Amino acid sequence: MPGGTGVPNKRTAIIIGAGPAGLTAAYELLTRTDIIPVILEKSGDIGGISKTVNYKGNRMDMGPHRFFSKSDRVMEWWMKMMPLEKTEDNINISYQNKTREIPGGSAAGEDKSKMMLVIERLTRIYFLRRFFTYPIQLSIDTLAKLGAWRTTKIMFSYLRARLFPIKNEASLQDFLINRFGRELYLTFFKDYTEKVWGISCEKISAEWGAQRIKGVSISKAIQHAVKAIVNKTKKSEIGQKGTETSLIEQFLYPAMGAGQMWEEVARQVKEMGGQIYHYEDVQKIYATDNDITTVVTVNSESGLASSWKGDYFFSTMPVQELVAGMDSSKVPADVQEVAAGLMYRDFVNVGVLLKK
Ligand SMILES: Cc1cc2nc3c(=O)[nH]c(=O)nc-3n(C[C@H](O)[C@H](O)[C@H](O)COP(=O)(O)OP(=O)(O)OC[C@H]3O[C@@H](n4cnc5c(N)ncnc54)[C@H](O)[C@@H]3O)c2cc1C
């Protein structure tokens with residue numbers, strides 16, 4: 001119902017964005033309340049940056065999305081949307097020192113293209129004209145690719161870092177050097193991190209590193225390599241109890257790409273009475289006192305502006321644009337300043353089609 005929202009006699013929630021967060025909010029509202037969600041999505045797609053682009057029948061994700069969570073609730077939610085493929089054995093999903101068994105063969109006879117598959121992750125970085133496993137593993141393969149001279153330098157610099165660590169770990173650079181040695185930091189982590197995040201490792205805090213690269217250390221990498229050999233035949237163990245998130249190699253993945261999950265959620269949302277409007281770009285957010293009352297969109301196809309009233313509002317759009325779209329007299333000056341200064345990164349994804 002563009003240009004005015006609502007479903008007569010029903011409370012409505014205006015949700016900005018049809019990515020995972022917006023769609024999940026809509027689904028939860030429909031299954032747990034009598035509030036009708038109205039999603040305003042500026043693109044023609046479903047799934048936000050978790051979408052799968054379909055180019056002439058070739059599906060490409062916006063990055064290698066893996067479906068692994070330490071939260072029971074999140075795992076169960078995903079598998080409620082898309083059942084796990086038929087497996088020979090029961091599957092053990094383990095995380096946070098808990099293990100859960102999922103009965104194998106529960107989805108027998110159903111269309112496999114609508115299921116979650118058990119996938120082994122293969123992510124590699126191209127460096128020194130060779131492919132290295134990512135996250136970096138201290139394996140024979142890695143060392144062979146680095147060559148004897150570089151490996152020797154890495155070993156010595158690692159020993160040095162262990163014997164004489166940087167006392168006050170202030171930056172991500174300190175954090176990484178203390179765990180990997182300067183040589184390995186310069187070889188692998190510095191350029192990669194700076195390219196991805198757009199900030200020098202010296203300007204990122206050590207706490208951020210601890211959170212992001214938790215558990216990745218040379219000793220953990222060795223443990224992991226040993227475990228990987230031992231567990232090679234135990235394919236059914238996908239939660240990998242005790243394995244740090246950044247080293248997980250198996251995960252659940254929708255057969256037709258990460259975006260399939262969100263297309264399925266969108267389908268169910270619409271089936272239950274939720275509404276999704278595409279090409280509606282939220283540009284203004286109006287409030288009285290502390291309550292948001294209306295948002296105004298401009299339709300990118302027709303150029304027409306519409307205003308949408310609701311009883312509740314959820315935003316998953318970038319915070320910078322959200323705050324900029326609000327009446328500045330209603331937003332504290334420091335909030336405006338922080339929002340305006342937030343940095344966003346562009347992401348270029350290249351899909352290569354091979355004739356095979
Ligand atoms: C390369 C890469 C790899 C990743 N790998 C993983 C992974 O392996 N596992 C994992 O769980 N996560 C992964 N993520 C993260 C995951 O993609 C995000 O956490 C998730 O998509 C966030 O969902 P969201 O709904 O909050 O936001 P988004 O996905 O950003 O969705 C926001 C939606 O809002 C819409 N929107 C924006 N502005 C407006 C506006 N003004 N009006 C209307 N609509 C608007 C957008 O078009 C979009 O559809 C990865 C991300 C990237 C980039």
# chains A, B, ... in the order shown; residues from 1 in each chain; ligands from 1

call {"tool": "closest_atom_pairs", "arguments": {"of": "chain A", "to": "ligand 1", "cutoff": "6 Å", "atoms": "only C-alpha atoms and all ligand atoms", "output": "tab-separated table"}}
result
residue	atom	partner	partner_atom_place_in_ligand_line	distance
A:Ile16	CA	ligand 1	43 (C)	5.0
A:Gly17	CA	ligand 1	34 (O)	3.2
A:Ala18	CA	ligand 1	49 (O)	4.7
A:Gly19	CA	ligand 1	25 (O)	3.5
A:Pro20	CA	ligand 1	25 (O)	3.9
A:Ala21	CA	ligand 1	25 (O)	3.7
A:Gly22	CA	ligand 1	25 (O)	5.4
A:Leu40	CA	ligand 1	43 (C)	5.3
A:Glu41	CA	ligand 1	44 (N)	3.9
A:Lys42	CA	ligand 1	43 (C)	4.0
A:Ser43	CA	ligand 1	47 (O)	5.1
A:Gly47	CA	ligand 1	49 (O)	5.7
A:Gly48	CA	ligand 1	49 (O)	3.3
A:Ile49	CA	ligand 1	29 (O)	4.0
A:Ser50	CA	ligand 1	17 (O)	4.2
A:Met62	CA	ligand 1	1 (C)	5.7
A:Gly63	CA	ligand 1	1 (C)	3.7
A:Pro64	CA	ligand 1	3 (C)	5.4
A:His65	CA	ligand 1	8 (O)	3.2
A:Arg66	CA	ligand 1	8 (O)	3.8
A:Phe67	CA	ligand 1	9 (N)	5.7
A:Glu280	CA	ligand 1	43 (C)	5.8
A:Asp281	CA	ligand 1	42 (N)	3.8
A:Val282	CA	ligand 1	42 (N)	3.8
A:Gln283	CA	ligand 1	41 (N)	5.8
A:Thr316	CA	ligand 1	32 (C)	5.3
A:Met317	CA	ligand 1	38 (N)	4.0
A:Pro318	CA	ligand 1	38 (N)	6.0

call {"tool": "residues_around", "arguments": {"residues": "Met155 (chain A)", "least_positions_apart": "3", "cutoff": "10 Å", "atoms": "only C-alpha atoms", "output": "ChimeraX atom specification"}}
result
/A:150-152,158-161,180-181,183-184

call {"tool": "write_last_selection", "arguments": {"atoms": "C-alpha atoms", "output": "mmCIF file, in the first residue's frame"}}
result
data_model
loop_
_atom_site.group_PDB
_atom_site.id
_atom_site.type_symbol
_atom_site.label_atom_id
_atom_site.label_comp_id
_atom_site.auth_asym_id
_atom_site.auth_seq_id
_atom_site.Cartn_x
_atom_site.Cartn_y
_atom_site.Cartn_z
ATOM 1 C CA ARG A 150 60.881 -17.081 4.318
ATOM 2 C CA THR A 151 59.868 -19.940 6.633
ATOM 3 C CA THR A 152 63.114 -19.661 8.556
ATOM 4 C CA TYR A 158 57.870 -15.864 15.934
ATOM 5 C CA LEU A 159 60.361 -17.050 18.573
ATOM 6 C CA ARG A 160 61.457 -13.479 19.096
ATOM 7 C CA ALA A 161 57.871 -12.334 19.565
ATOM 8 C CA PHE A 180 52.407 -14.489 14.937
ATOM 9 C CA GLY A 181 55.736 -12.651 14.946
ATOM 10 C CA GLU A 183 57.465 -11.566 9.707
ATOM 11 C CA LEU A 184 54.201 -13.523 9.478
#

call {"tool": "atom_distance", "arguments": {"atom1": "CA of Ala266 (chain A)", "atom2": "CA of Ile46 (chain A)"}}
result
7.5 Å

call {"tool": "decode", "arguments": {"residues": "region 258-270 of chain A", "atoms": "N, CA and C atoms", "output": "CSV table (one decimal), in the first residue's frame"}}
result
chain,number,residue,atom,x,y,z
A,258,ALA,N,23.6,-18.6,-0.4
A,258,ALA,CA,23.2,-18.0,0.9
A,258,ALA,C,21.9,-17.2,0.8
A,259,GLY,N,21.7,-16.6,-0.4
A,259,GLY,CA,20.4,-15.8,-0.5
A,259,GLY,C,19.2,-16.6,-0.5
A,260,GLN,N,19.3,-17.9,-0.8
A,260,GLN,CA,18.1,-18.7,-0.8
A,260,GLN,C,17.4,-18.8,0.5
A,261,MET,N,18.2,-18.7,1.6
A,261,MET,CA,17.6,-18.7,2.9
A,261,MET,C,16.7,-17.5,3.0
A,262,TRP,N,17.2,-16.3,2.6
A,262,TRP,CA,16.4,-15.1,2.8
A,262,TRP,C,15.2,-15.0,1.8
A,263,GLU,N,15.4,-15.6,0.6
A,263,GLU,CA,14.2,-15.7,-0.3
A,263,GLU,C,13.1,-16.6,0.3
A,264,GLU,N,13.5,-17.6,1.0
A,264,GLU,CA,12.6,-18.5,1.6
A,264,GLU,C,11.9,-17.7,2.8
A,265,VAL,N,12.6,-17.0,3.6
A,265,VAL,CA,12.0,-16.2,4.7
A,265,VAL,C,11.1,-15.2,4.1
A,266,ALA,N,11.5,-14.5,3.0
A,266,ALA,CA,10.6,-13.5,2.4
A,266,ALA,C,9.3,-14.2,1.9
A,267,ARG,N,9.4,-15.4,1.3
A,267,ARG,CA,8.2,-16.1,0.8
A,267,ARG,C,7.3,-16.3,2.0
A,268,GLN,N,7.8,-16.8,3.1
A,268,GLN,CA,6.9,-17.1,4.3
A,268,GLN,C,6.3,-15.9,4.9
A,269,VAL,N,7.1,-14.8,4.9
A,269,VAL,CA,6.6,-13.5,5.4
A,269,VAL,C,5.4,-13.1,4.6
A,270,LYS,N,5.5,-13.1,3.3
A,270,LYS,CA,4.4,-12.7,2.4
A,270,LYS,C,3.2,-13.7,2.6
